[in-house]
>>> print(open('protein-v5.cif').read())   # mmCIF, C-alpha atoms
data_work
#
loop_
_atom_site.group_PDB
_atom_site.id
_atom_site.type_symbol
_atom_site.label_atom_id
_atom_site.label_comp_id
_atom_site.auth_asym_id
_atom_site.auth_seq_id
_atom_site.Cartn_x
_atom_site.Cartn_y
_atom_site.Cartn_z
ATOM 1 C CA MET A 1 -63.275 19.008 -17.090
ATOM 2 C CA ASN A 2 -64.579 16.327 -19.433
ATOM 3 C CA ASN A 3 -61.027 15.805 -20.752
ATOM 4 C CA TYR A 4 -59.994 13.989 -17.573
ATOM 5 C CA LYS A 5 -61.373 10.485 -17.941
ATOM 6 C CA TYR A 6 -61.371 7.752 -15.387
ATOM 7 C CA TYR A 7 -62.950 4.324 -15.177
ATOM 8 C CA TYR A 8 -64.583 2.869 -12.123
ATOM 9 C CA THR A 9 -66.133 -0.549 -11.754
ATOM 10 C CA LEU A 10 -67.283 -2.615 -8.852
ATOM 11 C CA LEU A 11 -67.604 -6.378 -8.918
ATOM 12 C CA LEU A 12 -68.989 -7.395 -5.557
ATOM 13 C CA TYR A 13 -69.143 -11.097 -6.368
ATOM 14 C CA ASN A 14 -65.365 -11.345 -6.146
ATOM 15 C CA LEU A 15 -65.002 -8.336 -3.837
ATOM 16 C CA ILE A 16 -63.064 -6.438 -6.476
ATOM 17 C CA ILE A 17 -63.109 -2.723 -7.101
ATOM 18 C CA VAL A 18 -61.082 -1.451 -10.024
ATOM 19 C CA VAL A 19 -60.330 2.195 -10.653
ATOM 20 C CA GLY A 20 -58.655 2.996 -13.958
ATOM 21 C CA LEU A 21 -57.083 6.353 -14.661
ATOM 22 C CA TYR A 22 -55.994 7.391 -18.133
ATOM 23 C CA LEU A 23 -53.373 9.827 -16.885
ATOM 24 C CA GLY A 24 -51.327 9.943 -20.076
ATOM 25 C CA SER A 25 -54.213 11.606 -21.918
ATOM 26 C CA TRP A 26 -54.776 14.305 -19.300
ATOM 27 C CA GLU A 27 -53.518 17.815 -20.120
ATOM 28 C CA VAL A 28 -52.454 18.441 -16.543
ATOM 29 C CA ARG A 29 -50.055 21.324 -17.178
ATOM 30 C CA LYS A 30 -52.577 23.158 -19.338
ATOM 31 C CA ALA A 31 -55.309 22.753 -16.722
ATOM 32 C CA LEU A 32 -53.044 23.949 -13.920
ATOM 33 C CA LEU A 33 -51.874 26.982 -15.876
ATOM 34 C CA THR A 34 -55.336 28.039 -17.092
ATOM 35 C CA ASN A 35 -57.543 27.274 -14.086
ATOM 36 C CA PRO A 36 -55.754 25.539 -11.206
ATOM 37 C CA LYS A 37 -58.574 26.054 -8.711
ATOM 38 C CA GLU A 38 -61.157 24.414 -10.970
ATOM 39 C CA PHE A 39 -58.831 21.530 -11.874
ATOM 40 C CA ASN A 40 -57.949 20.829 -8.245
ATOM 41 C CA ARG A 41 -61.614 20.984 -7.306
ATOM 42 C CA TYR A 42 -62.365 18.487 -10.077
ATOM 43 C CA LEU A 43 -59.627 16.144 -8.811
ATOM 44 C CA ASP A 44 -61.071 16.364 -5.304
ATOM 45 C CA TRP A 45 -64.592 15.702 -6.611
ATOM 46 C CA ALA A 46 -63.533 12.719 -8.738
ATOM 47 C CA GLY A 47 -61.455 11.292 -5.897
ATOM 48 C CA GLU A 48 -64.294 11.658 -3.418
ATOM 49 C CA TYR A 49 -66.683 9.966 -5.863
ATOM 50 C CA VAL A 50 -64.381 6.972 -6.243
ATOM 51 C CA TYR A 51 -63.390 6.769 -2.585
ATOM 52 C CA LYS A 52 -67.023 6.960 -1.488
ATOM 53 C CA GLY A 53 -67.806 4.041 -3.797
ATOM 54 C CA VAL A 54 -65.069 1.987 -2.174
ATOM 55 C CA TYR A 55 -66.120 2.811 1.381
ATOM 56 C CA ASP A 56 -69.837 2.349 0.660
ATOM 57 C CA SER A 57 -69.186 -1.150 -0.642
ATOM 58 C CA ILE A 58 -68.297 -4.142 1.459
ATOM 59 C CA CYS A 59 -64.776 -3.937 0.035
ATOM 60 C CA LEU A 60 -62.100 -2.315 2.120
ATOM 61 C CA ASN A 61 -59.794 -1.260 -0.684
ATOM 62 C CA ALA A 62 -59.372 -1.050 -4.436
ATOM 63 C CA THR A 63 -56.924 -1.786 -7.202
ATOM 64 C CA PHE A 64 -55.916 1.411 -8.990
ATOM 65 C CA LEU A 65 -54.710 1.005 -12.577
ATOM 66 C CA LEU A 66 -52.894 4.014 -13.971
ATOM 67 C CA ASN A 67 -52.383 4.021 -17.736
ATOM 68 C CA LEU A 68 -49.523 6.346 -18.644
ATOM 69 C CA HIS A 69 -49.817 5.925 -22.410
ATOM 70 C CA GLY A 70 -49.142 9.386 -23.846
ATOM 71 C CA TYR A 71 -47.230 10.639 -20.788
ATOM 72 C CA SER A 72 -44.879 13.524 -21.524
ATOM 73 C CA VAL A 73 -42.489 15.355 -19.240
ATOM 74 C CA ARG A 74 -43.671 18.709 -20.562
ATOM 75 C CA GLU A 75 -47.347 17.992 -19.939
ATOM 76 C CA HIS A 76 -47.144 15.910 -16.774
ATOM 77 C CA GLY A 77 -43.778 16.647 -15.172
ATOM 78 C CA CYS A 78 -43.902 20.413 -14.635
ATOM 79 C CA ILE A 79 -43.407 21.934 -11.165
ATOM 80 C CA GLN A 80 -47.127 22.710 -10.816
ATOM 81 C CA CYS A 81 -47.951 19.125 -11.802
ATOM 82 C CA ILE A 82 -45.576 17.623 -9.261
ATOM 83 C CA SER A 83 -46.937 19.807 -6.460
ATOM 84 C CA THR A 84 -50.467 18.697 -7.426
ATOM 85 C CA TYR A 85 -49.420 15.033 -7.308
ATOM 86 C CA ILE A 86 -47.860 15.572 -3.873
ATOM 87 C CA ARG A 87 -51.086 17.198 -2.657
ATOM 88 C CA LEU A 88 -53.138 14.257 -3.966
ATOM 89 C CA ILE A 89 -50.808 11.781 -2.269
ATOM 90 C CA GLY A 90 -51.269 13.682 0.999
ATOM 91 C CA VAL A 91 -55.048 13.539 0.614
ATOM 92 C CA LEU A 92 -54.915 9.830 -0.204
ATOM 93 C CA ASP A 93 -52.795 8.873 2.786
ATOM 94 C CA THR A 94 -54.413 11.282 5.251
ATOM 95 C CA TYR A 95 -58.116 10.874 4.493
ATOM 96 C CA TYR A 96 -58.211 7.444 2.820
ATOM 97 C CA PRO A 97 -55.514 5.361 4.511
ATOM 98 C CA ARG A 98 -55.137 1.829 3.196
ATOM 99 C CA ILE A 99 -57.742 2.308 0.470
ATOM 100 C CA VAL A 100 -55.162 1.093 -2.056
ATOM 101 C CA ASP A 101 -54.785 -2.647 -2.457
ATOM 102 C CA LYS A 102 -52.540 -2.256 -5.501
ATOM 103 C CA LEU A 103 -51.384 0.846 -7.357
ATOM 104 C CA ILE A 104 -50.399 -0.461 -10.786
ATOM 105 C CA PHE A 105 -48.743 1.762 -13.395
ATOM 106 C CA ILE A 106 -48.815 0.463 -16.969
ATOM 107 C CA ASN A 107 -47.314 1.872 -20.163
ATOM 108 C CA MET A 108 -44.832 3.649 -17.940
ATOM 109 C CA PRO A 109 -42.053 5.409 -19.836
ATOM 110 C CA ARG A 110 -38.587 5.267 -18.292
ATOM 111 C CA ILE A 111 -38.616 8.987 -17.547
ATOM 112 C CA PHE A 112 -41.669 8.558 -15.309
ATOM 113 C CA LYS A 113 -39.623 6.319 -13.013
ATOM 114 C CA GLN A 114 -37.612 9.422 -12.102
ATOM 115 C CA LEU A 115 -40.802 11.317 -11.220
ATOM 116 C CA LEU A 116 -42.049 8.351 -9.206
ATOM 117 C CA ARG A 117 -38.794 8.398 -7.197
ATOM 118 C CA VAL A 118 -39.591 12.016 -6.281
ATOM 119 C CA LEU A 119 -43.150 11.161 -5.234
ATOM 120 C CA ILE A 120 -42.570 7.944 -3.233
ATOM 121 C CA PRO A 121 -41.119 9.688 -0.144
ATOM 122 C CA PHE A 122 -44.461 11.503 0.202
ATOM 123 C CA LEU A 123 -46.351 8.207 0.461
ATOM 124 C CA SER A 124 -46.949 6.268 3.623
ATOM 125 C CA PRO A 125 -44.838 3.088 3.798
ATOM 126 C CA TYR A 126 -48.001 1.023 3.285
ATOM 127 C CA THR A 127 -49.077 2.864 0.122
ATOM 128 C CA ALA A 128 -45.514 2.803 -1.241
ATOM 129 C CA SER A 129 -45.476 -0.984 -0.795
ATOM 130 C CA THR A 130 -48.550 -1.364 -3.036
ATOM 131 C CA ILE A 131 -46.884 0.119 -6.140
ATOM 132 C CA GLU A 132 -46.152 -2.030 -9.167
ATOM 133 C CA THR A 133 -44.703 -0.574 -12.374
ATOM 134 C CA TYR A 134 -44.724 -1.960 -15.893
ATOM 135 C CA GLY A 135 -43.397 -0.581 -19.153
ATOM 136 C CA VAL A 136 -45.142 -0.283 -22.485
ATOM 137 C CA ASP A 137 -45.067 -3.996 -23.309
ATOM 138 C CA GLY A 138 -48.624 -5.240 -22.850
ATOM 139 C CA THR A 139 -47.433 -8.836 -23.068
ATOM 140 C CA GLU A 140 -45.555 -8.184 -19.811
ATOM 141 C CA TRP A 141 -48.280 -6.519 -17.734
ATOM 142 C CA GLY A 142 -51.407 -7.916 -19.426
ATOM 143 C CA PRO A 143 -51.221 -11.466 -18.028
ATOM 144 C CA ILE A 144 -50.308 -10.193 -14.552
ATOM 145 C CA ILE A 145 -53.311 -7.889 -14.393
ATOM 146 C CA ARG A 146 -55.692 -10.479 -15.880
ATOM 147 C CA LYS A 147 -54.550 -13.000 -13.270
ATOM 148 C CA ARG A 148 -55.721 -10.625 -10.499
ATOM 149 C CA ILE A 149 -58.716 -9.040 -12.184
ATOM 150 C CA PRO A 150 -61.179 -10.891 -14.412
ATOM 151 C CA PRO A 151 -60.910 -9.704 -18.046
ATOM 152 C CA GLU A 152 -64.663 -9.144 -18.215
ATOM 153 C CA ILE A 153 -64.422 -6.190 -15.820
ATOM 154 C CA LEU A 154 -61.233 -4.741 -17.317
ATOM 155 C CA PRO A 155 -61.484 -2.256 -20.173
ATOM 156 C CA LEU A 156 -59.603 -3.012 -23.380
ATOM 157 C CA GLU A 157 -56.836 -0.493 -22.577
ATOM 158 C CA PHE A 158 -55.924 -2.566 -19.516
ATOM 159 C CA GLY A 159 -55.921 -5.906 -21.333
ATOM 160 C CA GLY A 160 -59.528 -6.805 -20.647
ATOM 161 C CA THR A 161 -62.607 -7.403 -22.766
ATOM 162 C CA LYS A 162 -65.064 -4.911 -21.289
ATOM 163 C CA ASN A 163 -66.415 -2.007 -23.274
ATOM 164 C CA ARG A 164 -65.985 0.532 -20.553
ATOM 165 C CA LYS A 165 -68.088 3.396 -19.446
ATOM 166 C CA VAL A 166 -65.636 6.208 -18.922
ATOM 167 C CA LEU A 167 -66.594 8.721 -16.311
ATOM 168 C CA SER A 168 -65.848 12.384 -16.091
ATOM 169 C CA GLY A 169 -67.708 15.144 -14.447
ATOM 170 C CA GLN A 170 -67.936 18.632 -13.186
ATOM 171 C CA GLY A 171 -66.712 19.134 -9.642
ATOM 172 C CA LYS A 172 -69.242 21.212 -7.779
#
>>> encode(input="protein-v5.cif", output="structure tokens")
Amino acid sequence: MNNYKYYYTLLLYNLIIVVGLYLGSWEVRKALLTNPKEFNRYLDWAGEYVYKGVYDSICLNATFLLNLHGYSVREHGCIQCISTYIRLIGVLDTYYPRIVDKLIFINMPRIFKQLLRVLIPFLSPYTASTIETYGVDGTEWGPIIRKRIPPEILPLEFGGTKNRKVLSGQGK
């Protein structure tokens, strides 16, 4: 499961938690077709790790940055993928309500907007209201993100200056 990278940082001085997901690089379809149980267990483990970090801090919620660079309909838009996303949304809204301060999609191809339209009805109204979407033009989304989140805690892929420590792990 080391192919499914995410970034997690906590800056308590400004009460900011940032979670970055590099979803475009994930081979979701392949994982779901070869070992769906293990992949779903990994997603649960990674989510619990991040959510626990948010709840153990003095922060009440986090900004989630989702980088869709490399997104493809074949790899990320299959039926199994969509059902997995719906399950994750259910977990998010049921067990971690209001954990999301902002859910920001960057490098979002136009085709992903169609998938997002399918997923939004499964979100609570609160979580749906936190979504912001930006295309592939970093000059559009970069300044907006850097205005909210200091560049020194943002990895380069999100317009920051931090050399990130990317996390991945084995769900147990």
>>> closest_atom_pairs(input="protein-v5.cif", of="segment 83-138 of chain A", to="segment 18-39 of chain A", cutoff="12 Å", atoms="all atoms listed in the file", output="Markdown table")
| residue | atom | partner | partner_atom | distance |
| --- | --- | --- | --- | --- |
| A:Ser83 | CA | A:Leu32 | CA | 10.5 |
| A:Thr84 | CA | A:Leu32 | CA | 8.7 |
| A:Tyr85 | CA | A:Val28 | CA | 10.3 |
| A:Ile99 | CA | A:Val19 | CA | 11.4 |
| A:Val100 | CA | A:Val19 | CA | 10.1 |
| A:Asp101 | CA | A:Val18 | CA | 9.9 |
| A:Lys102 | CA | A:Val18 | CA | 9.7 |
| A:Leu103 | CA | A:Val19 | CA | 9.6 |
| A:Ile104 | CA | A:Gly20 | CA | 9.5 |
| A:Phe105 | CA | A:Leu21 | CA | 9.6 |
| A:Ile106 | CA | A:Tyr22 | CA | 10.0 |
| A:Asn107 | CA | A:Gly24 | CA | 9.0 |
| A:Met108 | CA | A:Gly24 | CA | 9.3 |
| A:Pro109 | CA | A:Gly24 | CA | 10.3 |
| A:Phe112 | CA | A:Gly24 | CA | 10.9 |
>>> closest_residue(input="protein-v5.cif", among="A:Val50, A:Leu60, A:Ile111, A:Ala128", to="Ser72 of chain A", atoms="only C-alpha atoms")
A:Ile111
>>> closest_residue(input="protein-v5.cif", among="A:Phe158, A:Tyr49, A:Thr127, A:Gly70", to="Ile144 of chain A", atoms="all atoms listed in the file")
A:Phe158
>>> resolve_selection(input="protein-v5.cif", expression="the PyMOL selection byres ((chain A and resi 124) around 10)", output="list in words")
Ile89, Gly90, Leu92, Asp93, Thr94, Pro97, Arg98, Ile120, Pro121, Phe122, Leu123, Pro125, Tyr126, Thr127, Ala128 and Ser129 of chain A
>>> decode(input="protein-v5.cif", residues="segment 21-38 of chain A", atoms="N, CA, C and O atoms", output="PDB file, in the first residue's frame")
ATOM      1  N   LEU A  21      -3.715  15.054  -0.123  1.00  0.00           N
ATOM      2  CA  LEU A  21      -3.863  13.745  -0.749  1.00  0.00           C
ATOM      3  C   LEU A  21      -3.494  13.862  -2.219  1.00  0.00           C
ATOM      4  O   LEU A  21      -3.991  14.741  -2.919  1.00  0.00           O
ATOM      5  N   TYR A  22      -2.646  12.963  -2.666  1.00  0.00           N
ATOM      6  CA  TYR A  22      -2.192  12.956  -4.052  1.00  0.00           C
ATOM      7  C   TYR A  22      -3.005  11.927  -4.829  1.00  0.00           C
ATOM      8  O   TYR A  22      -2.491  10.924  -5.289  1.00  0.00           O
ATOM      9  N   LEU A  23      -4.299  12.177  -4.938  1.00  0.00           N
ATOM     10  CA  LEU A  23      -5.222  11.185  -5.480  1.00  0.00           C
ATOM     11  C   LEU A  23      -4.953  10.835  -6.932  1.00  0.00           C
ATOM     12  O   LEU A  23      -5.191   9.703  -7.350  1.00  0.00           O
ATOM     13  N   GLY A  24      -4.480  11.776  -7.720  1.00  0.00           N
ATOM     14  CA  GLY A  24      -4.242  11.513  -9.128  1.00  0.00           C
ATOM     15  C   GLY A  24      -3.197  10.439  -9.364  1.00  0.00           C
ATOM     16  O   GLY A  24      -3.195   9.774 -10.390  1.00  0.00           O
ATOM     17  N   SER A  25      -2.302  10.232  -8.412  1.00  0.00           N
ATOM     18  CA  SER A  25      -1.250   9.227  -8.575  1.00  0.00           C
ATOM     19  C   SER A  25      -1.656   7.854  -8.042  1.00  0.00           C
ATOM     20  O   SER A  25      -0.927   6.887  -8.221  1.00  0.00           O
ATOM     21  N   TRP A  26      -2.795   7.764  -7.401  1.00  0.00           N
ATOM     22  CA  TRP A  26      -3.231   6.489  -6.834  1.00  0.00           C
ATOM     23  C   TRP A  26      -3.802   5.594  -7.929  1.00  0.00           C
ATOM     24  O   TRP A  26      -4.601   6.030  -8.749  1.00  0.00           O
ATOM     25  N   GLU A  27      -3.453   4.329  -7.925  1.00  0.00           N
ATOM     26  CA  GLU A  27      -4.013   3.349  -8.859  1.00  0.00           C
ATOM     27  C   GLU A  27      -5.213   2.676  -8.184  1.00  0.00           C
ATOM     28  O   GLU A  27      -5.173   1.513  -7.804  1.00  0.00           O
ATOM     29  N   VAL A  28      -6.273   3.439  -8.060  1.00  0.00           N
ATOM     30  CA  VAL A  28      -7.444   3.004  -7.300  1.00  0.00           C
ATOM     31  C   VAL A  28      -8.101   1.782  -7.938  1.00  0.00           C
ATOM     32  O   VAL A  28      -8.376   0.788  -7.268  1.00  0.00           O
ATOM     33  N   ARG A  29      -8.337   1.849  -9.230  1.00  0.00           N
ATOM     34  CA  ARG A  29      -9.015   0.734  -9.918  1.00  0.00           C
ATOM     35  C   ARG A  29      -8.217  -0.554  -9.763  1.00  0.00           C
ATOM     36  O   ARG A  29      -8.763  -1.609  -9.432  1.00  0.00           O
ATOM     37  N   LYS A  30      -6.920  -0.467  -9.986  1.00  0.00           N
ATOM     38  CA  LYS A  30      -6.053  -1.637  -9.869  1.00  0.00           C
ATOM     39  C   LYS A  30      -6.122  -2.224  -8.458  1.00  0.00           C
ATOM     40  O   LYS A  30      -6.246  -3.436  -8.281  1.00  0.00           O
ATOM     41  N   ALA A  31      -6.060  -1.365  -7.458  1.00  0.00           N
ATOM     42  CA  ALA A  31      -6.113  -1.843  -6.070  1.00  0.00           C
ATOM     43  C   ALA A  31      -7.453  -2.508  -5.760  1.00  0.00           C
ATOM     44  O   ALA A  31      -7.501  -3.540  -5.094  1.00  0.00           O
ATOM     45  N   LEU A  32      -8.533  -1.921  -6.270  1.00  0.00           N
ATOM     46  CA  LEU A  32      -9.855  -2.475  -5.991  1.00  0.00           C
ATOM     47  C   LEU A  32     -10.104  -3.779  -6.738  1.00  0.00           C
ATOM     48  O   LEU A  32     -10.856  -4.636  -6.270  1.00  0.00           O
ATOM     49  N   LEU A  33      -9.489  -3.938  -7.893  1.00  0.00           N
ATOM     50  CA  LEU A  33      -9.669  -5.179  -8.646  1.00  0.00           C
ATOM     51  C   LEU A  33      -8.767  -6.298  -8.134  1.00  0.00           C
ATOM     52  O   LEU A  33      -9.134  -7.467  -8.203  1.00  0.00           O
ATOM     53  N   THR A  34      -7.594  -5.956  -7.605  1.00  0.00           N
ATOM     54  CA  THR A  34      -6.661  -7.000  -7.157  1.00  0.00           C
ATOM     55  C   THR A  34      -6.870  -7.388  -5.698  1.00  0.00           C
ATOM     56  O   THR A  34      -6.798  -8.565  -5.367  1.00  0.00           O
ATOM     57  N   ASN A  35      -7.125  -6.410  -4.834  1.00  0.00           N
ATOM     58  CA  ASN A  35      -7.295  -6.733  -3.413  1.00  0.00           C
ATOM     59  C   ASN A  35      -8.153  -5.666  -2.737  1.00  0.00           C
ATOM     60  O   ASN A  35      -7.646  -4.842  -1.965  1.00  0.00           O
ATOM     61  N   PRO A  36      -9.455  -5.678  -2.991  1.00  0.00           N
ATOM     62  CA  PRO A  36     -10.317  -4.619  -2.464  1.00  0.00           C
ATOM     63  C   PRO A  36     -10.354  -4.575  -0.937  1.00  0.00           C
ATOM     64  O   PRO A  36     -10.398  -3.495  -0.354  1.00  0.00           O
ATOM     65  N   LYS A  37     -10.318  -5.716  -0.298  1.00  0.00           N
ATOM     66  CA  LYS A  37     -10.375  -5.740   1.166  1.00  0.00           C
ATOM     67  C   LYS A  37      -9.156  -5.040   1.767  1.00  0.00           C
ATOM     68  O   LYS A  37      -9.280  -4.222   2.676  1.00  0.00           O
ATOM     69  N   GLU A  38      -7.978  -5.359   1.239  1.00  0.00           N
ATOM     70  CA  GLU A  38      -6.752  -4.744   1.754  1.00  0.00           C
ATOM     71  C   GLU A  38      -6.736  -3.246   1.480  1.00  0.00           C
ATOM     72  O   GLU A  38      -6.354  -2.452   2.335  1.00  0.00           O
TER      73      GLU A  38
END
